[in-house]
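Undergrad: Quick one, protein_6.txt (compact mmCIF, C-alpha atoms):
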```txt
# COMPACT_ATOMS: atom_id res chain seq x y z
CA MET T 1 7.61 19.38 19.21
CA ASN T 2 5.64 16.16 19.71
CA TRP T 3 6.53 13.48 17.22
CA SER T 4 3.51 11.61 15.95
CA PRO T 5 3.86 9.17 13.05
CA HIS T 6 1.08 8.75 10.54
CA VAL T 7 -0.38 5.23 10.61
CA VAL T 8 -1.06 3.92 7.12
CA VAL T 9 -2.16 0.62 5.66
CA ALA T 10 -1.06 -0.88 2.36
CA CYS T 11 -1.91 -3.96 0.32
CA ILE T 12 0.57 -6.07 -1.58
CA VAL T 13 -1.49 -7.72 -4.30
CA GLU T 14 0.22 -10.11 -6.73
CA ARG T 15 -1.34 -11.72 -9.77
CA GLU T 16 0.61 -13.80 -12.28
CA GLY T 17 3.93 -12.24 -11.26
CA ARG T 18 2.67 -8.66 -11.37
CA PHE T 19 2.00 -6.36 -8.42
CA LEU T 20 -0.85 -3.89 -8.12
CA VAL T 21 0.51 -0.36 -7.73
CA VAL T 22 -0.80 3.13 -8.26
CA GLU T 23 0.62 6.00 -10.20
CA GLU T 24 -0.09 9.10 -8.16
CA GLU T 25 0.68 12.79 -8.28
CA VAL T 26 2.44 14.05 -5.16
CA SER T 27 3.75 17.63 -4.97
CA GLY T 28 3.89 17.89 -8.77
CA ARG T 29 5.71 14.56 -9.25
CA VAL T 30 4.25 11.33 -10.64
CA LEU T 31 5.20 8.54 -8.23
CA LEU T 32 4.53 4.83 -7.76
CA ASN T 33 3.19 3.29 -4.56
CA GLN T 34 1.20 0.32 -3.41
CA PRO T 35 -2.44 1.10 -2.78
CA ALA T 36 -2.09 2.67 0.65
CA GLY T 37 -3.55 5.33 2.87
CA HIS T 38 -4.35 6.56 6.33
CA TRP T 39 -6.10 4.47 8.92
CA GLU T 40 -9.31 6.25 9.93
CA GLN T 41 -10.97 6.45 13.33
CA HIS T 42 -13.54 3.71 14.12
CA GLU T 43 -12.12 1.47 11.38
CA THR T 44 -10.23 -1.79 11.71
CA LEU T 45 -6.86 -1.99 10.01
CA ILE T 46 -8.15 -4.72 7.68
CA ALA T 47 -11.20 -2.64 6.72
CA ALA T 48 -8.88 0.32 6.06
CA ALA T 49 -6.70 -1.84 3.79
CA ARG T 50 -9.74 -2.98 1.79
CA ARG T 51 -11.14 0.57 1.56
CA GLU T 52 -7.88 2.22 0.52
CA THR T 53 -7.20 -0.38 -2.16
CA LEU T 54 -10.70 -0.01 -3.59
CA GLU T 55 -10.54 3.80 -3.54
CA GLU T 56 -7.12 3.93 -5.19
CA THR T 57 -7.35 1.06 -7.71
CA ARG T 58 -11.02 0.11 -8.14
CA TRP T 59 -10.07 -3.42 -7.02
CA GLU T 60 -11.87 -5.27 -4.24
CA VAL T 61 -9.32 -7.30 -2.31
CA GLU T 62 -9.28 -9.78 0.52
CA PRO T 63 -6.41 -9.41 3.01
CA LEU T 64 -4.95 -12.85 3.71
CA ALA T 65 -2.00 -12.12 6.00
CA VAL T 66 0.04 -9.38 7.59
CA LEU T 67 3.23 -8.84 5.61
CA GLY T 68 4.94 -6.61 8.16
CA LEU T 69 5.26 -3.29 9.92
CA TYR T 70 7.44 -0.65 8.27
CA HIS T 71 8.68 2.66 9.66
CA PHE T 72 9.94 5.43 7.39
CA ASP T 73 10.87 9.05 8.15
CA PRO T 74 10.95 11.03 4.89
CA PRO T 75 13.78 13.57 5.01
CA ASP T 76 11.53 16.35 3.69
CA LEU T 77 8.76 15.94 6.31
CA ASP T 78 8.68 16.55 10.05
CA TYR T 79 6.71 13.36 10.67
CA GLY T 80 7.15 9.73 9.76
CA PHE T 81 5.00 6.82 8.69
CA LEU T 82 4.18 3.49 10.29
CA ARG T 83 2.92 1.23 7.51
CA ILE T 84 0.97 -1.93 8.28
CA ALA T 85 1.25 -3.94 5.07
CA PHE T 86 -1.08 -6.78 4.17
CA VAL T 87 -0.82 -9.55 1.62
CA ALA T 88 -4.12 -9.48 -0.25
CA ARG T 89 -5.83 -11.35 -3.06
CA ALA T 90 -7.56 -9.49 -5.89
CA LEU T 91 -11.25 -10.40 -6.01
CA ARG T 92 -12.78 -8.20 -8.68
CA GLU T 93 -12.32 -4.92 -10.46
CA ARG T 94 -14.99 -2.22 -10.14
CA PRO T 95 -14.39 -0.05 -13.25
CA GLU T 96 -17.50 2.05 -12.57
CA LEU T 97 -15.89 3.61 -9.47
CA THR T 98 -13.93 6.87 -9.48
CA LEU T 99 -10.31 6.85 -8.33
CA ASP T 100 -9.23 8.92 -5.33
CA SER T 101 -8.01 12.45 -5.97
CA GLY T 102 -4.34 12.44 -6.95
CA ILE T 103 -4.41 8.86 -8.22
CA LEU T 104 -3.72 8.80 -11.96
CA ARG T 105 -4.15 5.09 -12.60
CA PRO T 106 -3.59 1.60 -11.24
CA LEU T 107 -0.88 -0.52 -12.83
CA TRP T 108 0.22 -4.15 -12.62
CA LEU T 109 4.04 -4.21 -12.64
CA THR T 110 6.63 -6.96 -12.25
CA ARG T 111 9.38 -6.71 -9.67
CA ALA T 112 11.84 -6.01 -12.49
CA GLU T 113 9.68 -3.11 -13.69
CA LEU T 114 9.46 -1.78 -10.14
CA LEU T 115 13.22 -2.08 -9.71
CA ALA T 116 13.78 -0.18 -12.97
CA SER T 117 11.58 2.67 -11.69
CA CYS T 118 12.99 3.06 -8.15
CA GLU T 119 13.52 6.80 -8.63
CA ARG T 120 9.73 7.16 -8.91
CA HIS T 121 8.85 5.17 -5.77
CA ARG T 122 7.02 7.18 -3.13
CA SER T 123 9.23 5.59 -0.47
CA PRO T 124 11.69 2.74 0.03
CA MET T 125 8.77 0.75 1.46
CA VAL T 126 7.50 0.03 -2.08
CA LEU T 127 10.28 -2.34 -3.13
CA ARG T 128 10.93 -3.59 0.41
CA CYS T 129 7.33 -4.83 0.69
CA VAL T 130 7.53 -6.61 -2.67
CA ASP T 131 10.81 -8.24 -1.66
CA ASP T 132 9.41 -9.33 1.70
CA TYR T 133 6.39 -10.77 -0.09
CA LEU T 134 8.62 -12.68 -2.51
CA ALA T 135 10.71 -13.93 0.44
CA GLY T 136 7.54 -15.54 1.81
CA ARG T 137 7.00 -13.33 4.85
CA ARG T 138 3.50 -13.81 6.22
CA TYR T 139 1.96 -13.35 9.66
CA PRO T 140 -1.58 -14.36 10.59
CA LEU T 141 -4.27 -11.69 10.54
CA ASP T 142 -5.06 -12.44 14.18
CA LEU T 143 -1.71 -10.81 15.01
CA ILE T 144 -3.90 -7.68 15.07
CA ALA T 145 -6.39 -7.32 17.91
CA HIS T 146 -8.87 -4.44 18.04
CA LEU T 147 -10.18 -4.29 21.62
```
Let me see whether you can do it: turn the structure in this file into structure tokens.
TA:
Amino acid sequence: MNWSPHVVVACIVEREGRFLVVEEEVSGRVLLNQPAGHWEQHETLIAAARRETLEETRWEVEPLAVLGLYHFDPPDLDYGFLRIAFVARALRERPELTLDSGILRPLWLTRAELLASCERHRSPMVLRCVDDYLAGRRYPLDLIAHL
């Protein structure tokens, strides 16, 4: 079998000590995740991060930096994920838009609230990205080159 990870983008958006996350239904469970999703063909990674965040939260964001690259192999799947996470600033909410299918609602949660709900995280990347953000990890956007 050929192993092929799914490439996803995610945005870590912090405002006044709270982080933008989504409550989503996955296989009958209600889980928490950062706004994240698959990178699509003919799209830059930054454009994908903006699009996914808007589709899942109704928030327009501006990516400011690369937070990091995260690999995770869920034990219940035969493929893994490569997450490119961005630090982004919230610009404006677009309440007239419809949320993506499966997304129940966006939430703004503190790190303490996220820590208290670890059993509902979609993956260990959720808290790890918040902790890396709080540790000050930032890489310039020009780390990424689309040729």
Undergrad: For a quick check of your reading of the model, name the residues lying within 10 Å of the coordinate (-3.4, -8.5, -1.5), counting only C-alpha atoms, and write them as an NGL selection string.
TA: :T and (10-15 or 19-20 or 35 or 49-50 or 53 or 60-67 or 85-91)
Undergrad: Neighbours of T:Val126 within 12 Å (all atoms listed in the file; same-chain residues fewer than 6 positions away dropped), as a PyMOL selection string?
TA: chain T and resi 10-12+19-22+31-36+70+72+83+85+109+111+114-115+117-120+132-133
Undergrad: Of the candidates T:Ser27, T:Val8, T:Glu56, T:Gly68, which shows the shortest atom-to-atom distance to T:Gln41, using only C-alpha atoms?
TA: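 Closest to T:Gln41 of all the choices is T:Val8.
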Undergrad: Could you please determine the separation between atom CA of T:Val30 and atom CA of T:Thr110 in Å, to one decimal place?
TA: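 Answer for the atom CA of T:Val30 to atom CA of T:Thr110 separation: 18.5 Å.
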Undergrad: Interatomic distance between atom CA of T:Arg105 and atom CA of T:Glu24?
TA: 7.2 Å
Undergrad: Could you jot down the atom CA of T:Pro106 to atom CA of T:Cys129 separation for me, Å, one decimal place?
TA: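 Atom-to-atom, atom CA of T:Pro106 to atom CA of T:Cys129, that is 17.4 Å.
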Undergrad: Show me, as a ChimeraX atom specification, the residues that have an atom within 12 Å of T:Trp3 when counting only C-alpha atoms, minus same-chain residues fewer than 2 positions from it.
TA: /T:1,5-6,73,77-81
Undergrad: Pick from T:Leu45, T:Ser4, T:Pro74, T:Glu23: nearest to T:Leu104, with all atoms listed in the file counted?
TA: T:Glu23
Undergrad: Tell me which of T:Arg122, T:His38, T:Arg29, T:Arg92 sits closest to T:Trp59, counting only C-alpha atoms.
TA: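 Comparing T:Arg122, T:His38, T:Arg29, T:Arg92 against T:Trp59, the winner is T:Arg92.
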Undergrad: Pick the closest to T:Ile46 from T:Leu107, T:Ile84, T:Met125, T:Ala112: which is it, counting all atoms listed in the file?
TA: T:Ile84
Undergrad: Kindly indicate which residue among T:Asp76, T:Gly17, T:Glu25, T:Thr44 lies nearest to T:Leu141, using all atoms listed in the file for the distances.
TA: T:Thr44
Undergrad: So, counting only C-alpha atoms, which residue among T:Leu143, T:Glu16, T:Val26, T:Arg137 is closest to T:Trp108?
TA: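 Using only C-alpha atoms, T:Trp108 sits closest to T:Glu16.
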Undergrad: Please return stretch 63-84 of chain T, rebuilt to N, CA and C atoms, as an mmCIF file, keeping the file's coordinate frame.
TA:
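File produced: result.cif:
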```
data_model
loop_
_atom_site.group_PDB
_atom_site.id
_atom_site.type_symbol
_atom_site.label_atom_id
_atom_site.label_comp_id
_atom_site.auth_asym_id
_atom_site.auth_seq_id
_atom_site.Cartn_x
_atom_site.Cartn_y
_atom_site.Cartn_z
ATOM 1 N N PRO T 63 -7.666 -9.214 2.289
ATOM 2 C CA PRO T 63 -6.410 -9.410 3.010
ATOM 3 C C PRO T 63 -6.316 -10.843 3.543
ATOM 4 N N LEU T 64 -5.164 -11.463 3.321
ATOM 5 C CA LEU T 64 -4.950 -12.850 3.710
ATOM 6 C C LEU T 64 -3.972 -12.988 4.873
ATOM 7 N N ALA T 65 -3.046 -12.036 4.978
ATOM 8 C CA ALA T 65 -2.000 -12.120 6.000
ATOM 9 C C ALA T 65 -1.410 -10.734 6.215
ATOM 10 N N VAL T 66 -0.755 -10.579 7.350
ATOM 11 C CA VAL T 66 0.040 -9.380 7.590
ATOM 12 C C VAL T 66 1.413 -9.635 6.989
ATOM 13 N N LEU T 67 1.889 -8.723 6.179
ATOM 14 C CA LEU T 67 3.230 -8.840 5.610
ATOM 15 C C LEU T 67 4.268 -8.314 6.592
ATOM 16 N N GLY T 68 3.989 -7.175 7.203
ATOM 17 C CA GLY T 68 4.940 -6.610 8.160
ATOM 18 C C GLY T 68 4.572 -5.200 8.553
ATOM 19 N N LEU T 69 5.380 -4.666 9.454
ATOM 20 C CA LEU T 69 5.260 -3.290 9.920
ATOM 21 C C LEU T 69 6.509 -2.560 9.458
ATOM 22 N N TYR T 70 6.329 -1.380 8.878
ATOM 23 C CA TYR T 70 7.440 -0.650 8.270
ATOM 24 C C TYR T 70 7.414 0.803 8.747
ATOM 25 N N HIS T 71 8.550 1.276 9.214
ATOM 26 C CA HIS T 71 8.680 2.660 9.660
ATOM 27 C C HIS T 71 9.573 3.399 8.685
ATOM 28 N N PHE T 72 9.147 4.602 8.293
ATOM 29 C CA PHE T 72 9.940 5.430 7.390
ATOM 30 C C PHE T 72 9.755 6.890 7.758
ATOM 31 N N ASP T 73 10.881 7.611 7.911
ATOM 32 C CA ASP T 73 10.870 9.050 8.150
ATOM 33 C C ASP T 73 11.372 9.754 6.899
ATOM 34 N N PRO T 74 10.493 10.308 6.077
ATOM 35 C CA PRO T 74 10.950 11.030 4.890
ATOM 36 C C PRO T 74 11.803 12.239 5.297
ATOM 37 N N PRO T 75 12.909 12.458 4.628
ATOM 38 C CA PRO T 75 13.780 13.570 5.010
ATOM 39 C C PRO T 75 13.150 14.948 4.826
ATOM 40 N N ASP T 76 12.135 15.054 3.964
ATOM 41 C CA ASP T 76 11.530 16.350 3.690
ATOM 42 C C ASP T 76 10.278 16.636 4.528
ATOM 43 N N LEU T 77 9.935 15.748 5.464
ATOM 44 C CA LEU T 77 8.760 15.940 6.310
ATOM 45 C C LEU T 77 9.172 15.935 7.771
ATOM 46 N N ASP T 78 8.368 16.565 8.621
ATOM 47 C CA ASP T 78 8.680 16.550 10.050
ATOM 48 C C ASP T 78 7.891 15.478 10.795
ATOM 49 N N TYR T 79 7.381 14.515 10.077
ATOM 50 C CA TYR T 79 6.710 13.360 10.670
ATOM 51 C C TYR T 79 7.084 12.135 9.848
ATOM 52 N N GLY T 80 6.842 10.981 10.438
ATOM 53 C CA GLY T 80 7.150 9.730 9.760
ATOM 54 C C GLY T 80 5.893 8.916 9.528
ATOM 55 N N PHE T 81 6.106 7.725 8.992
ATOM 56 C CA PHE T 81 5.000 6.820 8.690
ATOM 57 C C PHE T 81 5.242 5.470 9.325
ATOM 58 N N LEU T 82 4.192 4.892 9.875
ATOM 59 C CA LEU T 82 4.180 3.490 10.290
ATOM 60 C C LEU T 82 3.205 2.812 9.349
ATOM 61 N N ARG T 83 3.738 1.931 8.501
ATOM 62 C CA ARG T 83 2.920 1.230 7.510
ATOM 63 C C ARG T 83 2.646 -0.185 8.003
ATOM 64 N N ILE T 84 1.370 -0.548 8.039
ATOM 65 C CA ILE T 84 0.970 -1.930 8.280
ATOM 66 C C ILE T 84 0.617 -2.477 6.899
#
```
